[in-house]
$ cat target-v2.cif   # mmCIF, C-alpha atoms
data_run
loop_
_atom_site.label_atom_id
_atom_site.label_comp_id
_atom_site.auth_asym_id
_atom_site.auth_seq_id
_atom_site.Cartn_x
_atom_site.Cartn_y
_atom_site.Cartn_z
CA MET A 17 40.72 64.37 239.13
CA ALA A 18 43.35 62.29 240.85
CA ASP A 19 42.14 63.25 244.32
CA THR A 20 41.65 60.27 246.57
CA TYR A 21 40.24 60.46 250.03
CA GLN A 22 40.78 58.17 252.98
CA ALA A 23 37.63 57.58 255.01
CA ASP A 24 37.90 57.76 258.80
CA GLU A 25 34.53 56.12 259.33
CA THR A 26 32.00 54.24 257.22
CA VAL A 27 28.24 54.04 257.46
CA ASP A 28 25.92 51.83 255.41
CA ILE A 29 22.48 53.32 254.74
CA THR A 30 21.38 50.74 252.16
CA ASP A 31 19.27 48.98 254.81
CA VAL A 32 17.01 51.98 255.50
CA VAL A 33 14.68 54.23 253.51
CA CYS A 34 14.09 57.98 253.36
CA PRO A 35 14.12 59.89 255.66
CA VAL A 36 16.07 57.49 257.90
CA THR A 37 18.84 57.36 255.25
CA PHE A 38 19.68 60.98 256.02
CA VAL A 39 19.19 60.56 259.78
CA LYS A 40 21.56 57.58 259.94
CA ALA A 41 24.24 59.47 258.01
CA LYS A 42 23.76 62.55 260.18
CA VAL A 43 24.09 60.54 263.39
CA ALA A 44 27.30 58.97 262.09
CA LEU A 45 28.74 62.43 261.36
CA GLU A 46 27.77 63.72 264.79
CA GLU A 47 30.03 61.16 266.42
CA MET A 48 33.02 62.29 264.36
CA ASP A 49 35.46 65.19 264.69
CA GLU A 50 35.58 68.20 262.40
CA GLY A 51 37.70 67.53 259.34
CA GLN A 52 37.25 63.76 259.41
CA VAL A 53 35.90 61.99 256.35
CA LEU A 54 32.81 59.75 256.38
CA ALA A 55 32.10 57.19 253.67
CA ILE A 56 28.35 56.70 253.23
CA ARG A 57 27.25 53.65 251.25
CA MET A 58 23.83 54.19 249.70
CA ASN A 59 21.43 52.72 247.17
CA ASP A 60 20.80 54.01 243.68
CA GLY A 61 17.58 56.00 243.16
CA GLU A 62 16.20 58.34 245.81
CA PRO A 63 19.11 58.01 248.29
CA VAL A 64 21.80 58.92 245.77
CA GLN A 65 19.59 61.68 244.33
CA ASN A 66 18.93 63.28 247.69
CA VAL A 67 21.45 62.39 250.40
CA PRO A 68 24.44 64.24 248.84
CA ARG A 69 22.38 67.42 248.63
CA SER A 70 21.15 67.02 252.21
CA MET A 71 24.78 66.74 253.37
CA LYS A 72 25.59 69.96 251.51
CA GLU A 73 22.58 71.71 253.02
CA GLU A 74 23.75 70.59 256.50
CA GLY A 75 26.98 72.47 255.78
CA HIS A 76 29.32 69.52 255.28
CA GLN A 77 31.83 69.27 252.46
CA VAL A 78 30.93 66.72 249.80
CA LEU A 79 34.13 65.34 248.26
CA LYS A 80 33.27 62.55 245.87
CA LEU A 81 30.56 60.13 244.79
CA ASN A 82 31.87 56.75 243.69
CA ALA A 83 29.89 54.07 241.87
CA ASN A 84 30.49 50.65 243.44
CA ASN A 85 29.09 48.88 240.37
CA ASP A 86 26.78 46.76 242.52
CA GLY A 87 23.80 49.15 242.48
CA THR A 88 25.23 51.15 245.37
CA TYR A 89 27.25 54.34 245.62
CA THR A 90 29.70 55.60 248.22
CA LEU A 91 29.64 59.28 249.10
CA LEU A 92 32.66 60.80 250.80
CA VAL A 93 31.85 63.71 253.09
CA ARG A 94 34.18 65.83 255.22
CA LYS A 95 32.60 66.95 258.48
CA VAL A 96 32.33 70.72 258.90
CA GLY A 97 31.49 72.16 262.35
CA ASP A 98 31.02 70.40 265.68
CA MET B 26 -37.18 91.19 253.85
CA SER B 27 -35.90 92.72 250.60
CA LYS B 28 -35.03 90.44 247.70
CA VAL B 29 -31.61 88.86 248.14
CA ASP B 30 -29.17 89.52 245.32
CA TYR B 31 -27.32 86.22 245.33
CA ALA B 32 -25.17 87.14 242.34
CA THR B 33 -23.73 90.15 244.15
CA LEU B 34 -23.24 88.13 247.31
CA LYS B 35 -21.44 85.43 245.37
CA LYS B 36 -19.25 87.99 243.66
CA GLY B 37 -18.32 89.20 247.14
CA GLY B 38 -17.42 85.68 248.25
CA PHE B 39 -20.65 84.74 250.04
CA MET B 40 -21.43 81.18 249.01
CA ARG B 41 -25.03 80.12 249.49
CA GLN B 42 -25.44 77.06 251.69
CA ILE B 43 -28.16 74.42 251.64
CA GLN B 44 -29.36 75.86 254.96
CA LYS B 45 -31.72 78.81 254.42
CA ASP B 46 -30.14 82.27 254.83
CA CYS B 47 -26.73 80.78 255.66
CA PHE B 48 -23.60 81.63 253.73
CA SER B 49 -20.11 80.28 253.67
CA LEU B 50 -17.95 83.40 253.49
CA ARG B 51 -14.90 83.01 251.29
CA LEU B 52 -11.92 85.23 252.12
CA GLN B 53 -9.39 86.74 249.80
CA THR B 54 -6.01 85.02 250.01
CA VAL B 55 -2.88 84.83 247.90
CA GLY B 56 -0.94 81.59 247.94
CA GLY B 57 -2.54 80.55 251.23
CA ALA B 58 -0.49 83.12 253.11
CA LEU B 59 -2.23 84.40 256.24
CA THR B 60 -0.91 86.40 259.18
CA THR B 61 -1.60 85.49 262.79
CA GLU B 62 -3.65 88.69 262.93
CA ASN B 63 -5.83 87.37 260.07
CA LEU B 64 -6.16 83.98 261.76
CA LYS B 65 -7.16 85.43 265.14
CA LYS B 66 -9.87 87.53 263.50
CA ILE B 67 -11.09 84.58 261.42
CA ALA B 68 -11.35 82.48 264.59
CA GLU B 69 -13.21 85.26 266.39
CA VAL B 70 -15.71 85.73 263.54
CA ALA B 71 -16.25 81.98 263.16
CA GLU B 72 -17.01 81.72 266.89
CA THR B 73 -19.24 84.80 267.09
CA PHE B 74 -21.10 84.67 263.77
CA GLY B 75 -20.53 81.16 262.40
CA ASN B 76 -20.64 77.72 263.99
CA GLY B 77 -17.09 77.71 265.30
CA THR B 78 -15.56 76.00 262.27
CA VAL B 79 -13.69 77.11 259.16
CA HIS B 80 -13.18 75.33 255.86
CA LEU B 81 -9.81 75.36 254.10
CA THR B 82 -10.58 75.37 250.38
CA SER B 83 -8.89 73.48 247.58
CA ARG B 84 -7.33 76.77 246.41
CA GLN B 85 -5.64 77.61 249.70
CA GLY B 86 -8.47 79.88 250.78
CA VAL B 87 -10.52 80.10 253.94
CA GLU B 88 -14.30 79.94 254.14
CA ILE B 89 -16.28 80.66 257.28
CA PRO B 90 -19.55 78.71 257.02
CA PHE B 91 -22.91 79.36 258.69
CA ILE B 92 -22.78 83.15 258.46
CA GLN B 93 -26.32 84.49 258.68
CA LEU B 94 -27.65 86.77 255.97
CA LYS B 95 -28.57 89.43 258.57
CA ASP B 96 -24.97 89.55 259.87
CA ILE B 97 -23.20 89.99 256.53
CA ASP B 98 -22.35 93.68 256.85
CA THR B 99 -21.22 93.36 260.47
CA VAL B 100 -19.09 90.34 259.57
CA LYS B 101 -17.44 92.20 256.68
CA ALA B 102 -16.61 95.13 258.98
CA GLU B 103 -15.29 92.81 261.70
CA LEU B 104 -13.06 90.93 259.25
CA ALA B 105 -11.71 94.18 257.80
CA GLU B 106 -10.39 95.02 261.28
CA GLY B 107 -8.27 91.87 261.12
CA GLY B 108 -6.99 92.68 257.63
CA CYS B 109 -9.31 90.16 255.91
CA ARG B 110 -11.35 90.87 252.82
CA PRO B 111 -14.08 88.81 251.16
CA GLY B 112 -12.95 86.69 248.23
CA VAL B 113 -14.74 86.12 244.94
CA CYS B 114 -16.62 83.45 243.06
CA GLY B 115 -18.30 83.46 239.65
CA PRO B 116 -16.97 84.56 236.25
CA ARG B 117 -13.82 86.43 237.21
CA VAL B 118 -10.19 85.94 238.16
CA ARG B 119 -10.08 83.72 241.23
CA THR B 120 -7.66 83.21 244.11
CA VAL B 121 -4.06 82.96 242.91
CA THR B 122 -2.45 79.87 244.41
CA ALA B 123 1.25 79.45 245.19
CA CYS B 124 3.68 77.26 247.06
CA GLN B 125 6.21 78.88 249.41
CA GLY B 126 8.89 79.07 246.73
CA CYS B 127 12.60 79.71 247.02
CA LYS B 128 12.33 82.01 250.07
CA VAL B 129 11.34 79.00 252.19
CA CYS B 130 11.61 75.73 250.27
CA PRO B 131 15.03 74.24 249.35
CA SER B 132 13.59 73.00 246.04
CA GLY B 133 12.14 76.36 244.99
CA ASN B 134 13.55 78.06 241.91
CA ILE B 135 11.51 81.27 241.94
CA GLU B 136 9.94 83.72 244.41
CA THR B 137 6.43 82.32 244.08
CA TYR B 138 4.72 84.64 246.60
CA HIS B 139 6.19 87.67 244.91
CA ILE B 140 4.85 86.53 241.53
CA ALA B 141 1.48 85.43 242.96
CA LYS B 142 1.01 88.74 244.77
CA GLN B 143 1.72 90.68 241.59
CA LEU B 144 -0.67 88.47 239.59
CA SER B 145 -3.34 88.98 242.24
CA ASP B 146 -2.82 92.76 242.35
CA ARG B 147 -3.01 92.87 238.57
CA TYR B 148 -5.94 90.57 237.88
CA PHE B 149 -7.83 89.41 241.00
CA GLY B 150 -11.60 89.81 240.58
CA ARG B 151 -11.34 90.93 236.94
CA GLU B 152 -14.66 90.27 235.21
CA LEU B 153 -14.41 87.68 232.43
CA PRO B 154 -16.72 85.33 230.49
CA HIS B 155 -16.01 82.54 233.00
CA LYS B 156 -13.80 81.75 236.00
CA PHE B 157 -10.08 82.18 235.39
CA LYS B 158 -7.39 80.68 237.60
CA PHE B 159 -3.71 81.38 238.06
CA GLY B 160 -1.37 79.07 239.97
CA VAL B 161 2.33 79.44 240.76
CA THR B 162 4.57 76.54 241.68
CA GLY B 163 8.24 76.87 242.52
CA CYS B 164 9.77 73.90 240.75
CA GLN B 165 9.25 70.65 238.85
CA ASN B 166 7.94 68.95 242.00
CA ASN B 167 4.80 70.89 241.09
CA CYS B 168 3.22 70.91 244.56
CA LEU B 169 0.84 73.61 243.33
CA LYS B 170 -0.16 71.74 240.15
CA ALA B 171 0.57 74.55 237.67
CA GLU B 172 -1.02 72.86 234.65
CA GLU B 173 -4.47 72.54 236.25
CA ASN B 174 -4.85 76.33 236.01
CA ASP B 175 -6.02 78.49 233.12
CA VAL B 176 -2.57 80.05 233.36
CA GLY B 177 0.07 78.13 235.27
CA ILE B 178 3.57 79.28 236.19
CA LYS B 179 6.31 76.86 237.16
CA GLY B 180 9.70 77.87 238.49
CA ALA B 181 12.71 76.78 236.44
CA LEU B 182 16.45 77.18 236.66
CA THR B 183 18.75 77.47 233.69
CA VAL B 184 22.21 76.08 234.42
CA LYS B 185 25.68 76.59 232.99
CA TRP B 186 28.58 74.46 234.21
CA LEU B 187 31.58 76.34 235.65
CA ALA B 188 34.67 74.25 234.92
CA ASP B 189 37.03 76.05 237.28
CA LYS B 190 34.88 75.46 240.37
CA CYS B 191 34.04 71.81 239.64
CA ILE B 192 35.63 69.03 241.72
CA HIS B 193 34.22 66.30 239.44
CA CYS B 194 32.53 64.54 242.36
CA GLY B 195 29.72 63.15 240.19
CA VAL B 196 26.86 64.19 242.50
CA CYS B 197 25.07 66.24 239.78
CA VAL B 198 24.95 63.26 237.44
CA LYS B 199 22.98 61.25 239.98
CA ALA B 200 20.89 64.21 241.23
CA CYS B 201 19.50 64.71 237.73
CA ARG B 202 16.25 62.84 237.30
CA THR B 203 16.13 63.18 233.51
CA HIS B 204 19.64 61.83 232.85
CA ALA B 205 20.59 65.09 231.16
CA VAL B 206 23.91 65.50 233.00
CA THR B 207 26.94 63.46 232.06
CA ILE B 208 30.55 63.59 233.17
CA ALA B 209 33.31 62.59 230.77
CA ASP B 210 35.59 59.74 231.92
CA VAL B 211 38.61 61.25 230.23
CA ASP B 212 38.75 64.84 231.47
CA GLY B 213 35.81 65.08 233.90
CA ARG B 214 34.02 67.66 231.78
CA VAL B 215 30.34 67.98 232.70
CA SER B 216 27.76 68.32 229.92
CA VAL B 217 24.05 69.05 230.03
CA ASN B 218 21.84 67.70 227.28
CA ASN B 219 19.33 70.50 226.67
CA GLU B 220 16.94 68.07 224.98
CA LYS B 221 16.60 66.16 228.23
CA CYS B 222 16.97 68.97 230.79
CA ASN B 223 13.69 69.97 232.49
CA TYR B 224 15.22 72.96 234.31
CA CYS B 225 14.55 71.53 237.78
CA GLY B 226 17.89 72.86 239.05
CA ARG B 227 18.70 69.75 241.08
CA CYS B 228 22.23 69.56 239.61
CA ALA B 229 23.08 73.05 240.81
CA LYS B 230 21.34 72.69 244.16
CA SER B 231 23.18 69.47 244.96
CA CYS B 232 26.60 70.72 243.81
CA PRO B 233 29.04 70.87 246.77
CA THR B 234 31.08 73.68 245.22
CA ASP B 235 28.29 75.60 243.48
CA ALA B 236 30.00 75.05 240.15
CA TRP B 237 26.96 76.22 238.21
CA ASP B 238 25.87 79.60 236.98
CA THR B 239 22.09 79.63 237.46
CA GLN B 240 19.28 81.93 236.41
CA PRO B 241 15.65 81.62 237.51
CA ALA B 242 13.06 81.33 234.74
CA TYR B 243 9.39 80.46 234.26
CA ILE B 244 7.56 77.72 232.40
CA MET B 245 4.05 78.97 231.57
CA SER B 246 1.09 76.73 230.74
CA PHE B 247 -2.29 77.66 229.30
CA GLY B 248 -5.80 76.25 229.21
CA GLY B 249 -5.71 73.81 232.12
CA THR B 250 -8.89 72.81 233.92
CA PHE B 251 -9.53 70.27 236.64
CA GLY B 252 -13.25 70.27 237.32
CA ASN B 253 -16.01 68.66 235.27
CA THR B 254 -13.46 68.27 232.53
CA VAL B 255 -9.89 67.36 233.37
CA SER B 256 -7.30 68.71 230.97
CA LYS B 257 -3.68 69.67 231.39
CA GLY B 258 -2.53 73.15 230.36
CA GLU B 259 -0.09 73.25 227.46
CA SER B 260 3.29 74.99 227.34
CA PRO B 261 3.90 76.20 223.78
CA LEU B 262 6.50 78.84 224.67
CA PRO B 263 10.20 78.55 225.41
CA LEU B 264 11.34 79.50 228.93
CA VAL B 265 10.19 82.92 230.10
CA THR B 266 13.25 84.62 231.50
CA SER B 267 12.05 87.83 233.16
CA GLU B 268 9.09 89.09 235.17
CA GLU B 269 8.41 91.73 232.56
CA GLN B 270 8.14 89.04 229.89
CA LEU B 271 5.95 86.93 232.18
CA PHE B 272 3.41 89.70 232.65
CA ARG B 273 3.42 90.55 228.94
CA VAL B 274 2.50 86.93 228.19
CA ALA B 275 -0.05 86.74 231.03
CA ASP B 276 -1.69 89.96 229.78
CA ALA B 277 -1.92 88.49 226.28
CA ALA B 278 -3.46 85.24 227.56
CA ILE B 279 -6.13 86.86 229.71
CA GLN B 280 -6.94 89.39 226.97
CA PHE B 281 -7.33 86.58 224.46
CA PHE B 282 -9.82 84.93 226.82
CA ALA B 283 -11.70 88.22 227.34
CA ASP B 284 -11.87 88.82 223.58
CA HIS B 285 -12.76 85.34 222.36
CA ALA B 286 -14.53 83.35 225.08
CA GLN B 287 -18.28 82.87 225.09
CA PRO B 288 -20.11 83.38 228.40
CA GLY B 289 -19.67 80.32 230.60
CA GLU B 290 -16.84 78.89 228.52
CA ARG B 291 -13.58 77.92 230.19
CA PHE B 292 -10.29 78.89 228.53
CA LYS B 293 -9.56 75.36 227.31
CA PHE B 294 -12.86 75.24 225.41
CA THR B 295 -12.29 78.67 223.90
CA LEU B 296 -8.93 77.44 222.65
CA ASP B 297 -10.53 74.22 221.36
CA ARG B 298 -13.16 76.22 219.51
CA VAL B 299 -11.12 79.05 217.99
CA GLY B 300 -7.98 76.97 217.50
CA ARG B 301 -4.67 77.21 219.26
CA GLU B 302 -2.70 78.60 216.31
CA MET B 303 -4.12 82.09 216.64
CA PHE B 304 -3.62 82.05 220.42
CA TYR B 305 -0.06 80.77 220.20
CA GLN B 306 0.70 83.47 217.66
CA LYS B 307 -0.51 86.12 220.15
CA LEU B 308 1.56 84.51 222.89
CA LYS B 309 4.67 84.54 220.73
CA GLU B 310 4.21 88.19 219.91
CA ALA B 311 3.92 89.01 223.64
CA TYR B 312 6.88 86.73 224.42
CA HIS B 313 9.13 88.60 222.00
CA GLY B 314 7.71 91.96 223.08
#

$ encode --input "target-v2.cif" --output "structure tokens"
Amino acid sequence: MADTYQADETVDITDVVCPVTFVKAKVALEEMDEGQVLAIRMNDGEPVQNVPRSMKEEGHQVLKLNANNDGTYTLLVRKVGD
Amino acid sequence: MSKVDYATLKKGGFMRQIQKDCFSLRLQTVGGALTTENLKKIAEVAETFGNGTVHLTSRQGVEIPFIQLKDIDTVKAELAEGGCRPGVCGPRVRTVTACQGCKVCPSGNIETYHIAKQLSDRYFGRELPHKFKFGVTGCQNNCLKAEENDVGIKGALTVKWLADKCIHCGVCVKACRTHAVTIADVDGRVSVNNEKCNYCGRCAKSCPTDAWDTQPAYIMSFGGTFGNTVSKGESPLPLVTSEEQLFRVADAAIQFFADHAQPGERFKFTLDRVGREMFYQKLKEAYHG
């Protein structure tokens, strides 16, 4: 429970809608190295319901979903694979 | 020319057109699944004997229009070479519809084609007082509109949280569309409110560590119709948890229709007329085996 993760990069997908939300996050991960952690800031609703699962299905390691208490959430994802 | 038996032609999937002696030939399909071999033959027949077009029906079937009465036997033989058989119309069990299910779709909870194929093998073309439709959809997204069928089947997933695999990330809480999943602030324990859970399986599918024990199940609905009258099928039973149980219940439903329906009466109206209590009692007996 006490796990905290340090993000290497951050991407904000609150300015786009599905399916670009996923695409923007995916592009951000592609520019990173394996093992690095990406923080993805996303809106409540469809993005937070779907983007974490899409990251899992892409094979990345989902670490934590934090509520920012401003209607947005930050998902921490560790990149798996090149 | 000898008298045309339209009823027999219709039974064999030949739909009379407004143009004299022309038929739109309906083919037998299950869940809209066709092979390339089927498609090549359909294209060939449509070019040679039709007008070069096909119609994709609302129940995932194929009809080849503008088939001439004189060519019917040749067309049937030609189609058989490509693995295609005529479909049915009229008062009998119709095409079983299905989405692609869990073998293809990430949202799918059940093997829809497998279930649809078995339903079709078991009931397709069975003579009844009126048309009778089965539809199979893989999950709560309901792409195949389960409840519009006389008997609808919807894929479900029962979930049980596995504490030792959970990393308390909170993704499942947000993935749940019915707000059934909560995570305790104190110890991170995850709970599912069974009153709110709709068995969509999104919590388990989104979980990064697969910290859920899941079992596929079926939600069955009865008496739906979506034609002249629009009415949603009802789901009086708890989750159906095995194929064996599913077919016991389906057998009971179709038998109830065969025993109680008047000619030309859809299942919903039979249920309205004789009352649902007796039907639900039969369903429960089949459910419990």

$ residues_around --input "target-v2.cif" --residues "Glu269 of chain B" --least-positions-apart "5" --cutoff "12 Å" --atoms "only C-alpha atoms" --output "list of chain:residue names"
B:Ile140, B:Gln143, B:Leu144, B:Ala242, B:Tyr243, B:Val274, B:Ala275, B:Asp276, B:Ala311, B:Tyr312, B:His313, B:Gly314

$ residues_around --input "target-v2.cif" --residues "Val27 of chain A" --least-positions-apart "2" --cutoff "7 Å" --atoms "only C-alpha atoms" --output "ChimeraX atom specification"
/A:25,29,41,44,55-57

$ interface_residues --input "target-v2.cif" --of "chain B" --to "chain A" --cutoff "8 Å" --atoms "all atoms listed in the file" --output "PyMOL selection string"
chain B and resi 192-196+199-202+212-213+230-233

$ resolve_selection --input "target-v2.cif" --expression "the PyMOL selection byres ((chain B and resi 169-171) around 10)" --output "PDB file with C-alpha atoms, in the coordinates of the input"
ATOM      1  CA  GLY B  56      -0.940  81.590 247.940  1.00  0.00           C
ATOM      2  CA  ARG B  84      -7.330  76.770 246.410  1.00  0.00           C
ATOM      3  CA  GLN B  85      -5.640  77.610 249.700  1.00  0.00           C
ATOM      4  CA  THR B 122      -2.450  79.870 244.410  1.00  0.00           C
ATOM      5  CA  ALA B 123       1.250  79.450 245.190  1.00  0.00           C
ATOM      6  CA  CYS B 124       3.680  77.260 247.060  1.00  0.00           C
ATOM      7  CA  GLN B 125       6.210  78.880 249.410  1.00  0.00           C
ATOM      8  CA  PHE B 159      -3.710  81.380 238.060  1.00  0.00           C
ATOM      9  CA  GLY B 160      -1.370  79.070 239.970  1.00  0.00           C
ATOM     10  CA  VAL B 161       2.330  79.440 240.760  1.00  0.00           C
ATOM     11  CA  THR B 162       4.570  76.540 241.680  1.00  0.00           C
ATOM     12  CA  GLY B 163       8.240  76.870 242.520  1.00  0.00           C
ATOM     13  CA  CYS B 164       9.770  73.900 240.750  1.00  0.00           C
ATOM     14  CA  GLN B 165       9.250  70.650 238.850  1.00  0.00           C
ATOM     15  CA  ASN B 166       7.940  68.950 242.000  1.00  0.00           C
ATOM     16  CA  ASN B 167       4.800  70.890 241.090  1.00  0.00           C
ATOM     17  CA  CYS B 168       3.220  70.910 244.560  1.00  0.00           C
ATOM     18  CA  GLU B 172      -1.020  72.860 234.650  1.00  0.00           C
ATOM     19  CA  GLU B 173      -4.470  72.540 236.250  1.00  0.00           C
ATOM     20  CA  ASN B 174      -4.850  76.330 236.010  1.00  0.00           C
ATOM     21  CA  ASP B 175      -6.020  78.490 233.120  1.00  0.00           C
ATOM     22  CA  VAL B 176      -2.570  80.050 233.360  1.00  0.00           C
ATOM     23  CA  GLY B 177       0.070  78.130 235.270  1.00  0.00           C
ATOM     24  CA  ILE B 178       3.570  79.280 236.190  1.00  0.00           C
ATOM     25  CA  LYS B 179       6.310  76.860 237.160  1.00  0.00           C
ATOM     26  CA  GLY B 180       9.700  77.870 238.490  1.00  0.00           C
ATOM     27  CA  ILE B 244       7.560  77.720 232.400  1.00  0.00           C
ATOM     28  CA  MET B 245       4.050  78.970 231.570  1.00  0.00           C
ATOM     29  CA  SER B 246       1.090  76.730 230.740  1.00  0.00           C
ATOM     30  CA  PHE B 247      -2.290  77.660 229.300  1.00  0.00           C
ATOM     31  CA  GLY B 249      -5.710  73.810 232.120  1.00  0.00           C
ATOM     32  CA  LYS B 257      -3.680  69.670 231.390  1.00  0.00           C
ATOM     33  CA  GLY B 258      -2.530  73.150 230.360  1.00  0.00           C
TER      34      GLY B 258
END

$ closest_residue --input "target-v2.cif" --among "A:Leu54, A:Asn59, A:Gly97, A:Val43" --to "Asp31 of chain A" --atoms "only C-alpha atoms"
A:Asn59

$ closest_residue --input "target-v2.cif" --among "B:Thr234, B:Thr254, B:Gln53, B:Thr266" --to "Gly86 of chain B" --atoms "only C-alpha atoms"
B:Gln53

$ resolve_selection --input "target-v2.cif" --expression "the PyMOL selection byres ((chain B and resi 205) around 8)" --output "list in words"
Val198, Cys201, Arg202, Thr203, His204, Val206, Thr207, Ser216, Val217, Asn218, Asn219, Glu220, Lys221 and Cys222 of chain B

$ write_last_selection --input "target-v2.cif" --atoms "C-alpha atoms" --output "compact mmCIF listing (two decimals), in the coordinates of the input"
# COMPACT_ATOMS: atom_id res chain seq x y z
CA VAL B 198 24.95 63.26 237.44
CA CYS B 201 19.50 64.71 237.73
CA ARG B 202 16.25 62.84 237.30
CA THR B 203 16.13 63.18 233.51
CA HIS B 204 19.64 61.83 232.85
CA VAL B 206 23.91 65.50 233.00
CA THR B 207 26.94 63.46 232.06
CA SER B 216 27.76 68.32 229.92
CA VAL B 217 24.05 69.05 230.03
CA ASN B 218 21.84 67.70 227.28
CA ASN B 219 19.33 70.50 226.67
CA GLU B 220 16.94 68.07 224.98
CA LYS B 221 16.60 66.16 228.23
CA CYS B 222 16.97 68.97 230.79

$ atom_distance --input "target-v2.cif" --atom1 "atom CA of Arg147 of chain B" --atom2 "atom CA of Arg273 of chain B"
11.8 Å

$ resolve_selection --input "target-v2.cif" --expression "the PyMOL selection byres ((chain B and resi 79) around 7)" --output "PyMOL selection string"
chain B and resi 71+78+80-81+87-90

$ residues_near_point --input "target-v2.cif" --point "(-12.2, 88.3, 234.0)" --cutoff "6 Å" --atoms "all atoms listed in the file" --output "list in words"
Arg117, Val118, Arg151, Glu152 and Leu153 of chain B
